[in-house]
Amino acid sequence: MTLSELSLRNARRQAGDYLVYFVTMIMAVALMYAFNGLIFSRELLTLCRQMEALPITIVLASIVIVCIIAWLVQYTTGFMFARRSREFGTYVLIGLENNQVARLFFLENLAVGAASLLLGILSGNLIYQALRAMILAMFGMRYYFSFAFSLRAAALTLFYFLLIYLLAQQKIRKRIRKMKIYDLIYFERKNEEEMISKSKNRRRIFSVSIVLGIAGTLLLTTRNLPLGIIGAACVIVFLYGFFASFSSGVPAFFDKRPHKKYQGQNLMVFRTLSAKLATMGVVMATIALLFTAVQISQGTGLIIKGILDNRARQSNCFDIFIAVGEKGRNVDDYREYIEKNIPLAVSHNYFVYQGDNMQMTDYVEENADYYRNYDYDIVMKYSDYAILRKMLGYSEVSLSPGKYLIHCQPYLKKLLEDYGEAVTVGGNTFYPGGVWSEDFNQYAWEGNGRGFLLIVPDEAVENRPVVHTMYAAMTREAVSEAQAEALDAMNDHEEYDTLYIKTQIERETAANTAAMVFPLCYLALILTMTAAAILTIQQLSEAAHYRSQFVLLRKLGMDRARMEKVLRRQFAIYYAMPAIPPLFVSIPFILALGGNVEPGVMVGSSRPVVILGITLGLFFLIYFIYIAMAYGSMRRNVLPAE
């Protein structure tokens, strides 16, 4: 049998023995190809000027991903080498040279990698179509399936692939070339040494790591970049210190409490756990760090999406909305261009006025999270309010004599419904008549009131000062990018004028979502699969050891039900160890990040608690898929038959 034939045979065996790794590599390549396809898609990049940022952010994310996947490949090949070192020693013993063994192992891994590259690119086309459909939907465009192979995307993916394998394989090839027969044969017996042997040092490091973890998490929740960087460093030290001291502390804990060691199946479960942690302390800490990065990046991406979507929705309910201050351009200049160049369905000119005082503003500021913009309440005529509601397709609202209405953002509705005080406008006293909270351009600083608006009879504002002159329009056709740019060019008094064009805001929102959220989700998905794959490979590699343990337990009289319970417990503890510490960092971070957004934005499905649930749900869904695959395989191959 030639060296090439032996390499191919071993590659097929390797793909079968490490199926989780093989599938993970296929998915990683598929995702890389799909996102590379976005970089080179002229169709998508020309949708909006802001889409020019998409290739930059994807490349930045890809740099991190290449390093992470290279670590996965390097770790897995190193692990494979350790498991097969006796086999390689035998090859040298029967006459092969070290260089030939190194080339044999390299060719095996290259064959597995090439297969994953080919299958990944083929399946990556489907993922690309899904990403393309999502982006087109965000721009309000219809999606048509069109299979198109991108040679440039495939070439960039191949470049990443070669870079990954060169980084990952170089170290192991050098090691094989330098090792002697004895080192190869007995290499598998080498274990990671205990990181901390003295109990006093262990306790100190554990205590210090917990303190650093708390301090780092608190610093990450601040809105200060230097403090956030310090906090990230503290969290990293916390994770490595925690696993270093914890892995050494499990045996010490049971040595001091021998009665607990022999309760139930504790002896077998925790002996296996301590052995795992002793050889995987650094790896466990690294995986916990990756899981922390996964949850933070996924949560940050969803928060950014919530901010972009809700800001856009709350500031563009009209197709065109213009607010002109006292020193701004005359609104007729805008209207002249609009009526000449843009087909209109309906439009309306109106004013918002100063109230007599700021009693409602004071009430809201005292009882809600609210940013004041004016030193007076903002007031609108009822006739203008009725016209604007009709333009937007909202239900008709009546105003009874002696009453006032409130229109507010949804987060203030309950608070303002509880307000039962009379207000004075234009020297007239009015009493509460109802609260409405549909989208009404109240997010903007120069909109229909900042967060809320009082609606009073027309005669009440006759002598009140005008705050802004407003123009709102609904168009028959979507405003084009060229028309929006022409209106922007007219807005040369940025300090005094506010211009919102619905289609322009929607395009910018879609482009920013694609450029910021997609790469973060891409990164989170790759990190999750990489870390979960390493854990699963380690667990499945112990199948023979577990099988011998359970055969012995069967001979000692343990029934299958109890053995399944022991196996489930071992799995639960093993997979929970690197997943639990990140929760203590990511949960406060996501809640704080979502809570630091301006009031009224993170509402509905974008509430921080909801985003946290989605983030953890997506993470644990992928994580449980790997756990289920590993448990099913171990249960079949380890537990003795009835």
# chains A, B, ... in the order shown; residues from 1 in each chain; ligands from 1
call {"tool": "residues_around", "arguments": {"residues": "Ala473 (chain A)", "least_positions_apart": "4", "cutoff": "9 Å", "atoms": "only C-alpha atoms", "output": "MDAnalysis selection string"}}
result
chainID A and resid 318:321 344:349 391
call {"tool": "write_last_selection", "arguments": {"atoms": "N, CA, C and O atoms", "output": "PDB file, in the first residue's frame"}}
result
ATOM      1  N   PHE A 318     -44.657  58.811   8.553  1.00  0.00           N
ATOM      2  CA  PHE A 318     -45.025  59.521   7.321  1.00  0.00           C
ATOM      3  C   PHE A 318     -43.986  59.224   6.247  1.00  0.00           C
ATOM      4  O   PHE A 318     -42.812  58.980   6.545  1.00  0.00           O
ATOM      5  N   ASP A 319     -44.406  59.267   4.987  1.00  0.00           N
ATOM      6  CA  ASP A 319     -43.446  59.041   3.904  1.00  0.00           C
ATOM      7  C   ASP A 319     -42.417  60.165   3.841  1.00  0.00           C
ATOM      8  O   ASP A 319     -41.243  59.923   3.570  1.00  0.00           O
ATOM      9  N   ILE A 320     -42.864  61.387   4.080  1.00  0.00           N
ATOM     10  CA  ILE A 320     -41.964  62.539   4.168  1.00  0.00           C
ATOM     11  C   ILE A 320     -42.387  63.364   5.377  1.00  0.00           C
ATOM     12  O   ILE A 320     -43.578  63.639   5.563  1.00  0.00           O
ATOM     13  N   PHE A 321     -41.424  63.744   6.190  1.00  0.00           N
ATOM     14  CA  PHE A 321     -41.733  64.538   7.384  1.00  0.00           C
ATOM     15  C   PHE A 321     -40.647  65.599   7.537  1.00  0.00           C
ATOM     16  O   PHE A 321     -39.452  65.285   7.552  1.00  0.00           O
ATOM     17  N   LEU A 344     -47.766  62.813  -4.935  1.00  0.00           N
ATOM     18  CA  LEU A 344     -48.274  62.798  -3.570  1.00  0.00           C
ATOM     19  C   LEU A 344     -49.692  62.244  -3.522  1.00  0.00           C
ATOM     20  O   LEU A 344     -50.512  62.485  -4.415  1.00  0.00           O
ATOM     21  N   ALA A 345     -49.990  61.511  -2.461  1.00  0.00           N
ATOM     22  CA  ALA A 345     -51.360  61.083  -2.191  1.00  0.00           C
ATOM     23  C   ALA A 345     -52.073  62.138  -1.355  1.00  0.00           C
ATOM     24  O   ALA A 345     -53.212  62.512  -1.636  1.00  0.00           O
ATOM     25  N   VAL A 346     -51.382  62.627  -0.326  1.00  0.00           N
ATOM     26  CA  VAL A 346     -51.949  63.655   0.550  1.00  0.00           C
ATOM     27  C   VAL A 346     -50.798  64.294   1.313  1.00  0.00           C
ATOM     28  O   VAL A 346     -49.778  63.653   1.586  1.00  0.00           O
ATOM     29  N   SER A 347     -50.945  65.575   1.633  1.00  0.00           N
ATOM     30  CA  SER A 347     -49.935  66.270   2.426  1.00  0.00           C
ATOM     31  C   SER A 347     -50.625  67.287   3.321  1.00  0.00           C
ATOM     32  O   SER A 347     -51.791  67.648   3.091  1.00  0.00           O
ATOM     33  N   HIS A 348     -49.886  67.754   4.320  1.00  0.00           N
ATOM     34  CA  HIS A 348     -50.495  68.700   5.261  1.00  0.00           C
ATOM     35  C   HIS A 348     -49.412  69.548   5.917  1.00  0.00           C
ATOM     36  O   HIS A 348     -48.393  69.040   6.361  1.00  0.00           O
ATOM     37  N   ASN A 349     -49.676  70.869   5.937  1.00  0.00           N
ATOM     38  CA  ASN A 349     -48.854  71.825   6.672  1.00  0.00           C
ATOM     39  C   ASN A 349     -49.500  72.123   8.018  1.00  0.00           C
ATOM     40  O   ASN A 349     -50.716  72.336   8.089  1.00  0.00           O
ATOM     41  N   MET A 391     -54.438  60.653   7.625  1.00  0.00           N
ATOM     42  CA  MET A 391     -53.357  60.388   6.677  1.00  0.00           C
ATOM     43  C   MET A 391     -52.680  59.052   6.968  1.00  0.00           C
ATOM     44  O   MET A 391     -52.308  58.315   6.050  1.00  0.00           O
TER      45      MET A 391
END
call {"tool": "select_by_dssp", "arguments": {"residues": "region 422-595 of chain A", "states": "helix (DSSP H, G or I)", "output": "PDB file with C-alpha atoms, in the first residue's frame"}}
result
ATOM      1  CA  ASP A 458     -57.986  74.974  17.915  1.00  0.00           C
ATOM      2  CA  GLU A 459     -58.958  78.234  19.574  1.00  0.00           C
ATOM      3  CA  ALA A 460     -56.796  77.484  22.624  1.00  0.00           C
ATOM      4  CA  VAL A 461     -53.524  77.939  20.683  1.00  0.00           C
ATOM      5  CA  GLU A 481     -32.618  57.488  -3.448  1.00  0.00           C
ATOM      6  CA  ALA A 482     -31.930  60.313  -5.928  1.00  0.00           C
ATOM      7  CA  GLN A 483     -34.996  62.267  -4.776  1.00  0.00           C
ATOM      8  CA  ALA A 484     -34.019  61.774  -1.140  1.00  0.00           C
ATOM      9  CA  GLU A 485     -30.493  63.043  -1.864  1.00  0.00           C
ATOM     10  CA  ALA A 486     -31.936  66.116  -3.582  1.00  0.00           C
ATOM     11  CA  LEU A 487     -34.029  66.923  -0.517  1.00  0.00           C
ATOM     12  CA  ASP A 488     -31.015  66.338   1.719  1.00  0.00           C
ATOM     13  CA  ALA A 489     -29.025  68.806  -0.402  1.00  0.00           C
ATOM     14  CA  MET A 490     -31.690  71.450   0.235  1.00  0.00           C
ATOM     15  CA  LYS A 502     -39.317  56.897   5.062  1.00  0.00           C
ATOM     16  CA  THR A 503     -37.670  54.989   2.222  1.00  0.00           C
ATOM     17  CA  GLN A 504     -34.296  56.582   2.968  1.00  0.00           C
ATOM     18  CA  ILE A 505     -34.497  55.648   6.653  1.00  0.00           C
ATOM     19  CA  GLU A 506     -35.579  52.112   5.760  1.00  0.00           C
ATOM     20  CA  ARG A 507     -32.662  51.733   3.343  1.00  0.00           C
ATOM     21  CA  GLU A 508     -30.184  53.043   5.896  1.00  0.00           C
ATOM     22  CA  THR A 509     -31.645  50.800   8.595  1.00  0.00           C
ATOM     23  CA  ALA A 510     -31.441  47.726   6.366  1.00  0.00           C
ATOM     24  CA  ALA A 511     -27.857  48.532   5.345  1.00  0.00           C
ATOM     25  CA  ASN A 512     -26.728  49.168   8.926  1.00  0.00           C
ATOM     26  CA  THR A 513     -28.431  45.977  10.104  1.00  0.00           C
ATOM     27  CA  ALA A 514     -26.676  43.951   7.421  1.00  0.00           C
ATOM     28  CA  ALA A 515     -23.308  45.606   8.121  1.00  0.00           C
ATOM     29  CA  MET A 516     -23.391  45.322  11.924  1.00  0.00           C
ATOM     30  CA  VAL A 517     -25.800  42.566  12.948  1.00  0.00           C
ATOM     31  CA  PHE A 518     -25.020  39.924  10.319  1.00  0.00           C
ATOM     32  CA  PRO A 519     -21.250  39.763  11.082  1.00  0.00           C
ATOM     33  CA  LEU A 520     -21.936  39.556  14.838  1.00  0.00           C
ATOM     34  CA  CYS A 521     -24.354  36.658  14.341  1.00  0.00           C
ATOM     35  CA  TYR A 522     -21.876  35.022  11.924  1.00  0.00           C
ATOM     36  CA  LEU A 523     -19.154  35.294  14.559  1.00  0.00           C
ATOM     37  CA  ALA A 524     -21.399  33.982  17.341  1.00  0.00           C
ATOM     38  CA  LEU A 525     -22.468  30.949  15.299  1.00  0.00           C
ATOM     39  CA  ILE A 526     -18.898  29.960  14.385  1.00  0.00           C
ATOM     40  CA  LEU A 527     -17.672  30.405  17.969  1.00  0.00           C
ATOM     41  CA  THR A 528     -20.509  28.261  19.339  1.00  0.00           C
ATOM     42  CA  MET A 529     -19.875  25.427  16.891  1.00  0.00           C
ATOM     43  CA  THR A 530     -16.108  25.535  17.446  1.00  0.00           C
ATOM     44  CA  ALA A 531     -16.284  25.386  21.231  1.00  0.00           C
ATOM     45  CA  ALA A 532     -19.054  22.771  21.286  1.00  0.00           C
ATOM     46  CA  ALA A 533     -17.155  20.628  18.753  1.00  0.00           C
ATOM     47  CA  ILE A 534     -14.014  20.589  20.906  1.00  0.00           C
ATOM     48  CA  LEU A 535     -15.990  19.559  23.978  1.00  0.00           C
ATOM     49  CA  THR A 536     -17.773  16.841  22.039  1.00  0.00           C
ATOM     50  CA  ILE A 537     -14.592  15.470  20.449  1.00  0.00           C
ATOM     51  CA  GLN A 538     -13.007  15.215  23.880  1.00  0.00           C
ATOM     52  CA  GLN A 539     -16.042  13.437  25.284  1.00  0.00           C
ATOM     53  CA  LEU A 540     -16.452  10.954  22.442  1.00  0.00           C
ATOM     54  CA  ALA A 543     -15.756   6.003  24.695  1.00  0.00           C
ATOM     55  CA  ALA A 544     -13.407   3.047  25.243  1.00  0.00           C
ATOM     56  CA  HIS A 545     -12.572   4.213  28.774  1.00  0.00           C
ATOM     57  CA  TYR A 546     -16.238   4.712  29.619  1.00  0.00           C
ATOM     58  CA  ARG A 547     -17.112   1.302  28.146  1.00  0.00           C
ATOM     59  CA  SER A 548     -14.620  -0.495  30.383  1.00  0.00           C
ATOM     60  CA  GLN A 549     -15.973   1.361  33.421  1.00  0.00           C
ATOM     61  CA  PHE A 550     -19.566   0.437  32.713  1.00  0.00           C
ATOM     62  CA  VAL A 551     -18.702  -3.189  31.933  1.00  0.00           C
ATOM     63  CA  LEU A 552     -17.058  -3.392  35.338  1.00  0.00           C
ATOM     64  CA  LEU A 553     -20.063  -1.756  36.994  1.00  0.00           C
ATOM     65  CA  ARG A 554     -22.333  -4.261  35.261  1.00  0.00           C
ATOM     66  CA  LYS A 555     -20.274  -7.118  36.672  1.00  0.00           C
ATOM     67  CA  ARG A 560     -28.780  -0.352  33.101  1.00  0.00           C
ATOM     68  CA  ALA A 561     -31.154   2.314  34.486  1.00  0.00           C
ATOM     69  CA  ARG A 562     -28.602   3.379  37.111  1.00  0.00           C
ATOM     70  CA  MET A 563     -25.806   3.313  34.543  1.00  0.00           C
ATOM     71  CA  GLU A 564     -27.837   5.624  32.282  1.00  0.00           C
ATOM     72  CA  LYS A 565     -28.340   7.934  35.258  1.00  0.00           C
ATOM     73  CA  VAL A 566     -24.582   8.020  35.891  1.00  0.00           C
ATOM     74  CA  LEU A 567     -23.891   8.740  32.207  1.00  0.00           C
ATOM     75  CA  ARG A 568     -26.463  11.551  32.104  1.00  0.00           C
ATOM     76  CA  ARG A 569     -25.010  13.081  35.245  1.00  0.00           C
ATOM     77  CA  GLN A 570     -21.492  12.970  33.863  1.00  0.00           C
ATOM     78  CA  PHE A 571     -22.676  14.591  30.642  1.00  0.00           C
ATOM     79  CA  ALA A 572     -24.636  17.293  32.464  1.00  0.00           C
ATOM     80  CA  ILE A 573     -21.699  18.284  34.674  1.00  0.00           C
ATOM     81  CA  TYR A 574     -19.151  18.110  31.858  1.00  0.00           C
ATOM     82  CA  TYR A 575     -21.128  20.320  29.472  1.00  0.00           C
ATOM     83  CA  ALA A 576     -22.379  22.664  32.200  1.00  0.00           C
ATOM     84  CA  ILE A 580     -22.371  28.370  33.470  1.00  0.00           C
ATOM     85  CA  PRO A 581     -19.603  30.935  34.288  1.00  0.00           C
ATOM     86  CA  PRO A 582     -20.244  32.928  31.061  1.00  0.00           C
ATOM     87  CA  LEU A 583     -23.861  33.446  32.139  1.00  0.00           C
ATOM     88  CA  PHE A 584     -22.737  35.504  35.138  1.00  0.00           C
ATOM     89  CA  VAL A 585     -20.965  37.869  32.739  1.00  0.00           C
ATOM     90  CA  SER A 586     -23.238  37.946  29.688  1.00  0.00           C
ATOM     91  CA  ILE A 587     -26.598  38.307  31.460  1.00  0.00           C
ATOM     92  CA  PRO A 588     -25.724  41.552  33.324  1.00  0.00           C
ATOM     93  CA  PHE A 589     -23.928  42.875  30.222  1.00  0.00           C
ATOM     94  CA  ILE A 590     -26.887  42.336  27.870  1.00  0.00           C
ATOM     95  CA  LEU A 591     -29.425  43.740  30.344  1.00  0.00           C
ATOM     96  CA  ALA A 592     -27.248  46.787  31.025  1.00  0.00           C
ATOM     97  CA  LEU A 593     -26.532  47.390  27.320  1.00  0.00           C
ATOM     98  CA  GLY A 594     -30.224  47.225  26.440  1.00  0.00           C
ATOM     99  CA  GLY A 595     -31.155  49.383  29.428  1.00  0.00           C
TER     100      GLY A 595
END
call {"tool": "closest_residue", "arguments": {"among": "A:Ala478, A:Cys408, A:Ala115, A:Val397", "to": "Phe440 (chain A)", "atoms": "only C-alpha atoms"}}
result
A:Cys408
call {"tool": "select_by_dssp", "arguments": {"residues": "region 405-569 of chain A", "states": "strand (DSSP E)", "output": "NGL selection string"}}
result
:A and (405-408 or 423-425 or 428-436 or 452-456 or 466-475 or 497-501)
call {"tool": "closest_residue", "arguments": {"among": "A:Ile455, A:Leu19, A:Val479, A:Leu54", "to": "Ile135 (chain A)", "atoms": "only C-alpha atoms"}}
result
A:Leu54
call {"tool": "residues_around", "arguments": {"residues": "Val331 (chain A)", "least_positions_apart": "4", "cutoff": "12 Å", "atoms": "only C-alpha atoms", "output": "VMD selection string"}}
result
chain A and resid 321 to 327 335 to 338 348 to 351 468 to 472 487 490 to 491 493 496 to 499
call {"tool": "write_last_selection", "arguments": {"atoms": "N, CA, C and O atoms", "output": "mmCIF file, in the first residue's frame"}}
result
data_model
loop_
_atom_site.group_PDB
_atom_site.id
_atom_site.type_symbol
_atom_site.label_atom_id
_atom_site.label_comp_id
_atom_site.auth_asym_id
_atom_site.auth_seq_id
_atom_site.Cartn_x
_atom_site.Cartn_y
_atom_site.Cartn_z
ATOM 1 N N PHE A 321 -41.424 63.744 6.190
ATOM 2 C CA PHE A 321 -41.733 64.538 7.384
ATOM 3 C C PHE A 321 -40.647 65.599 7.537
ATOM 4 O O PHE A 321 -39.452 65.285 7.552
ATOM 5 N N ILE A 322 -41.077 66.862 7.636
ATOM 6 C CA ILE A 322 -40.148 67.978 7.746
ATOM 7 C C ILE A 322 -40.577 68.856 8.913
ATOM 8 O O ILE A 322 -41.753 69.204 9.044
ATOM 9 N N ALA A 323 -39.611 69.184 9.763
ATOM 10 C CA ALA A 323 -39.850 70.124 10.862
ATOM 11 C C ALA A 323 -38.863 71.271 10.713
ATOM 12 O O ALA A 323 -37.650 71.051 10.662
ATOM 13 N N VAL A 324 -39.377 72.509 10.632
ATOM 14 C CA VAL A 324 -38.544 73.689 10.407
ATOM 15 C C VAL A 324 -38.643 74.596 11.619
ATOM 16 O O VAL A 324 -39.751 74.953 12.056
ATOM 17 N N GLY A 325 -37.483 74.951 12.181
ATOM 18 C CA GLY A 325 -37.448 75.860 13.313
ATOM 19 C C GLY A 325 -37.561 77.304 12.873
ATOM 20 O O GLY A 325 -37.666 77.629 11.680
ATOM 21 N N GLU A 326 -37.480 78.195 13.848
ATOM 22 C CA GLU A 326 -37.661 79.624 13.579
ATOM 23 C C GLU A 326 -36.626 80.160 12.606
ATOM 24 O O GLU A 326 -36.908 81.013 11.770
ATOM 25 N N LYS A 327 -35.367 79.628 12.692
ATOM 26 C CA LYS A 327 -34.285 80.125 11.847
ATOM 27 C C LYS A 327 -34.017 79.218 10.652
ATOM 28 O O LYS A 327 -33.033 79.391 9.940
ATOM 29 N N ARG A 335 -41.548 72.042 -0.056
ATOM 30 C CA ARG A 335 -42.827 71.613 -0.643
ATOM 31 C C ARG A 335 -42.848 71.837 -2.149
ATOM 32 O O ARG A 335 -43.407 71.035 -2.899
ATOM 33 N N GLU A 336 -42.227 72.904 -2.599
ATOM 34 C CA GLU A 336 -42.190 73.185 -4.031
ATOM 35 C C GLU A 336 -41.481 72.064 -4.788
ATOM 36 O O GLU A 336 -41.961 71.597 -5.821
ATOM 37 N N TYR A 337 -40.331 71.629 -4.263
ATOM 38 C CA TYR A 337 -39.612 70.532 -4.921
ATOM 39 C C TYR A 337 -40.418 69.238 -4.847
ATOM 40 O O TYR A 337 -40.507 68.496 -5.835
ATOM 41 N N ILE A 338 -41.009 68.957 -3.701
ATOM 42 C CA ILE A 338 -41.748 67.702 -3.505
ATOM 43 C C ILE A 338 -42.929 67.620 -4.449
ATOM 44 O O ILE A 338 -43.140 66.606 -5.134
ATOM 45 N N HIS A 348 -49.886 67.754 4.320
ATOM 46 C CA HIS A 348 -50.495 68.700 5.261
ATOM 47 C C HIS A 348 -49.412 69.548 5.917
ATOM 48 O O HIS A 348 -48.393 69.040 6.361
ATOM 49 N N ASN A 349 -49.676 70.869 5.937
ATOM 50 C CA ASN A 349 -48.854 71.825 6.672
ATOM 51 C C ASN A 349 -49.500 72.123 8.018
ATOM 52 O O ASN A 349 -50.716 72.336 8.089
ATOM 53 N N TYR A 350 -48.709 72.176 9.075
ATOM 54 C CA TYR A 350 -49.280 72.485 10.390
ATOM 55 C C TYR A 350 -48.188 72.996 11.311
ATOM 56 O O TYR A 350 -47.014 73.099 10.915
ATOM 57 N N PHE A 351 -48.579 73.340 12.533
ATOM 58 C CA PHE A 351 -47.645 73.868 13.527
ATOM 59 C C PHE A 351 -47.802 73.107 14.840
ATOM 60 O O PHE A 351 -48.854 72.526 15.108
ATOM 61 N N HIS A 468 -42.402 74.807 15.967
ATOM 62 C CA HIS A 468 -41.916 74.314 14.674
ATOM 63 C C HIS A 468 -43.034 74.402 13.647
ATOM 64 O O HIS A 468 -44.219 74.213 13.975
ATOM 65 N N THR A 469 -42.621 74.672 12.408
ATOM 66 C CA THR A 469 -43.524 74.523 11.280
ATOM 67 C C THR A 469 -43.312 73.129 10.712
ATOM 68 O O THR A 469 -42.179 72.727 10.441
ATOM 69 N N MET A 470 -44.407 72.408 10.526
ATOM 70 C CA MET A 470 -44.322 71.001 10.122
ATOM 71 C C MET A 470 -44.911 70.790 8.733
ATOM 72 O O MET A 470 -45.848 71.481 8.325
ATOM 73 N N TYR A 471 -44.353 69.799 8.053
ATOM 74 C CA TYR A 471 -44.903 69.353 6.777
ATOM 75 C C TYR A 471 -44.852 67.827 6.764
ATOM 76 O O TYR A 471 -43.799 67.228 6.992
ATOM 77 N N ALA A 472 -45.997 67.192 6.517
ATOM 78 C CA ALA A 472 -46.073 65.730 6.453
ATOM 79 C C ALA A 472 -46.761 65.336 5.160
ATOM 80 O O ALA A 472 -47.731 65.994 4.739
ATOM 81 N N LEU A 487 -33.445 66.259 -1.688
ATOM 82 C CA LEU A 487 -34.029 66.923 -0.517
ATOM 83 C C LEU A 487 -32.984 67.146 0.563
ATOM 84 O O LEU A 487 -32.976 68.187 1.236
ATOM 85 N N MET A 490 -30.991 70.208 -0.102
ATOM 86 C CA MET A 490 -31.690 71.450 0.235
ATOM 87 C C MET A 490 -31.607 71.759 1.723
ATOM 88 O O MET A 490 -31.729 72.919 2.131
ATOM 89 N N ASN A 491 -31.392 70.701 2.532
ATOM 90 C CA ASN A 491 -31.399 70.870 3.987
ATOM 91 C C ASN A 491 -30.030 71.381 4.456
ATOM 92 O O ASN A 491 -29.256 70.682 5.079
ATOM 93 N N HIS A 493 -29.613 73.850 6.521
ATOM 94 C CA HIS A 493 -29.723 74.437 7.865
ATOM 95 C C HIS A 493 -29.921 73.297 8.852
ATOM 96 O O HIS A 493 -30.945 73.194 9.521
ATOM 97 N N TYR A 496 -31.319 73.684 12.338
ATOM 98 C CA TYR A 496 -32.684 74.138 12.571
ATOM 99 C C TYR A 496 -33.742 73.268 11.905
ATOM 100 O O TYR A 496 -34.897 73.285 12.307
ATOM 101 N N ASP A 497 -33.383 72.518 10.856
ATOM 102 C CA ASP A 497 -34.361 71.726 10.117
ATOM 103 C C ASP A 497 -34.188 70.236 10.401
ATOM 104 O O ASP A 497 -33.084 69.750 10.608
ATOM 105 N N THR A 498 -35.309 69.534 10.396
ATOM 106 C CA THR A 498 -35.305 68.078 10.529
ATOM 107 C C THR A 498 -36.025 67.491 9.325
ATOM 108 O O THR A 498 -37.150 67.911 9.002
ATOM 109 N N LEU A 499 -35.395 66.542 8.661
ATOM 110 C CA LEU A 499 -35.960 65.926 7.461
ATOM 111 C C LEU A 499 -35.918 64.418 7.614
ATOM 112 O O LEU A 499 -34.852 63.845 7.830
#
call {"tool": "atom_distance", "arguments": {"atom1": "CA of Ala628 (chain A)", "atom2": "CA of Tyr165 (chain A)"}}
result
28.7 Å
call {"tool": "decode", "arguments": {"residues": "region 294-327 of chain A", "atoms": "C-alpha atoms", "output": "mmCIF file, in the first residue's frame"}}
result
data_model
loop_
_atom_site.group_PDB
_atom_site.id
_atom_site.type_symbol
_atom_site.label_atom_id
_atom_site.label_comp_id
_atom_site.auth_asym_id
_atom_site.auth_seq_id
_atom_site.Cartn_x
_atom_site.Cartn_y
_atom_site.Cartn_z
ATOM 1 C CA VAL A 294 -20.798 34.207 21.797
ATOM 2 C CA GLN A 295 -23.485 35.437 24.164
ATOM 3 C CA ILE A 296 -22.194 39.013 24.230
ATOM 4 C CA SER A 297 -21.842 39.266 20.441
ATOM 5 C CA GLN A 298 -25.234 37.646 19.811
ATOM 6 C CA GLY A 299 -26.937 39.844 22.416
ATOM 7 C CA THR A 300 -25.197 42.965 21.111
ATOM 8 C CA GLY A 301 -26.289 42.157 17.569
ATOM 9 C CA LEU A 302 -29.931 41.755 18.617
ATOM 10 C CA ILE A 303 -29.819 44.977 20.650
ATOM 11 C CA ILE A 304 -28.383 46.870 17.677
ATOM 12 C CA LYS A 305 -31.145 45.426 15.486
ATOM 13 C CA GLY A 306 -33.782 46.472 18.022
ATOM 14 C CA ILE A 307 -32.365 49.992 18.210
ATOM 15 C CA LEU A 308 -32.210 50.390 14.428
ATOM 16 C CA ASP A 309 -35.670 48.928 13.779
ATOM 17 C CA ASN A 310 -37.479 50.828 16.532
ATOM 18 C CA ARG A 311 -35.780 54.146 15.871
ATOM 19 C CA ALA A 312 -36.709 53.831 12.210
ATOM 20 C CA ARG A 313 -40.298 52.816 12.965
ATOM 21 C CA GLN A 314 -40.861 55.601 15.470
ATOM 22 C CA SER A 315 -39.447 58.349 13.269
ATOM 23 C CA ASN A 316 -40.839 57.536 9.833
ATOM 24 C CA CYS A 317 -44.557 56.847 10.034
ATOM 25 C CA PHE A 318 -45.025 59.521 7.321
ATOM 26 C CA ASP A 319 -43.446 59.041 3.904
ATOM 27 C CA ILE A 320 -41.964 62.539 4.168
ATOM 28 C CA PHE A 321 -41.733 64.538 7.384
ATOM 29 C CA ILE A 322 -40.148 67.978 7.746
ATOM 30 C CA ALA A 323 -39.850 70.124 10.862
ATOM 31 C CA VAL A 324 -38.544 73.689 10.407
ATOM 32 C CA GLY A 325 -37.448 75.860 13.313
ATOM 33 C CA GLU A 326 -37.661 79.624 13.579
ATOM 34 C CA LYS A 327 -34.285 80.125 11.847
#
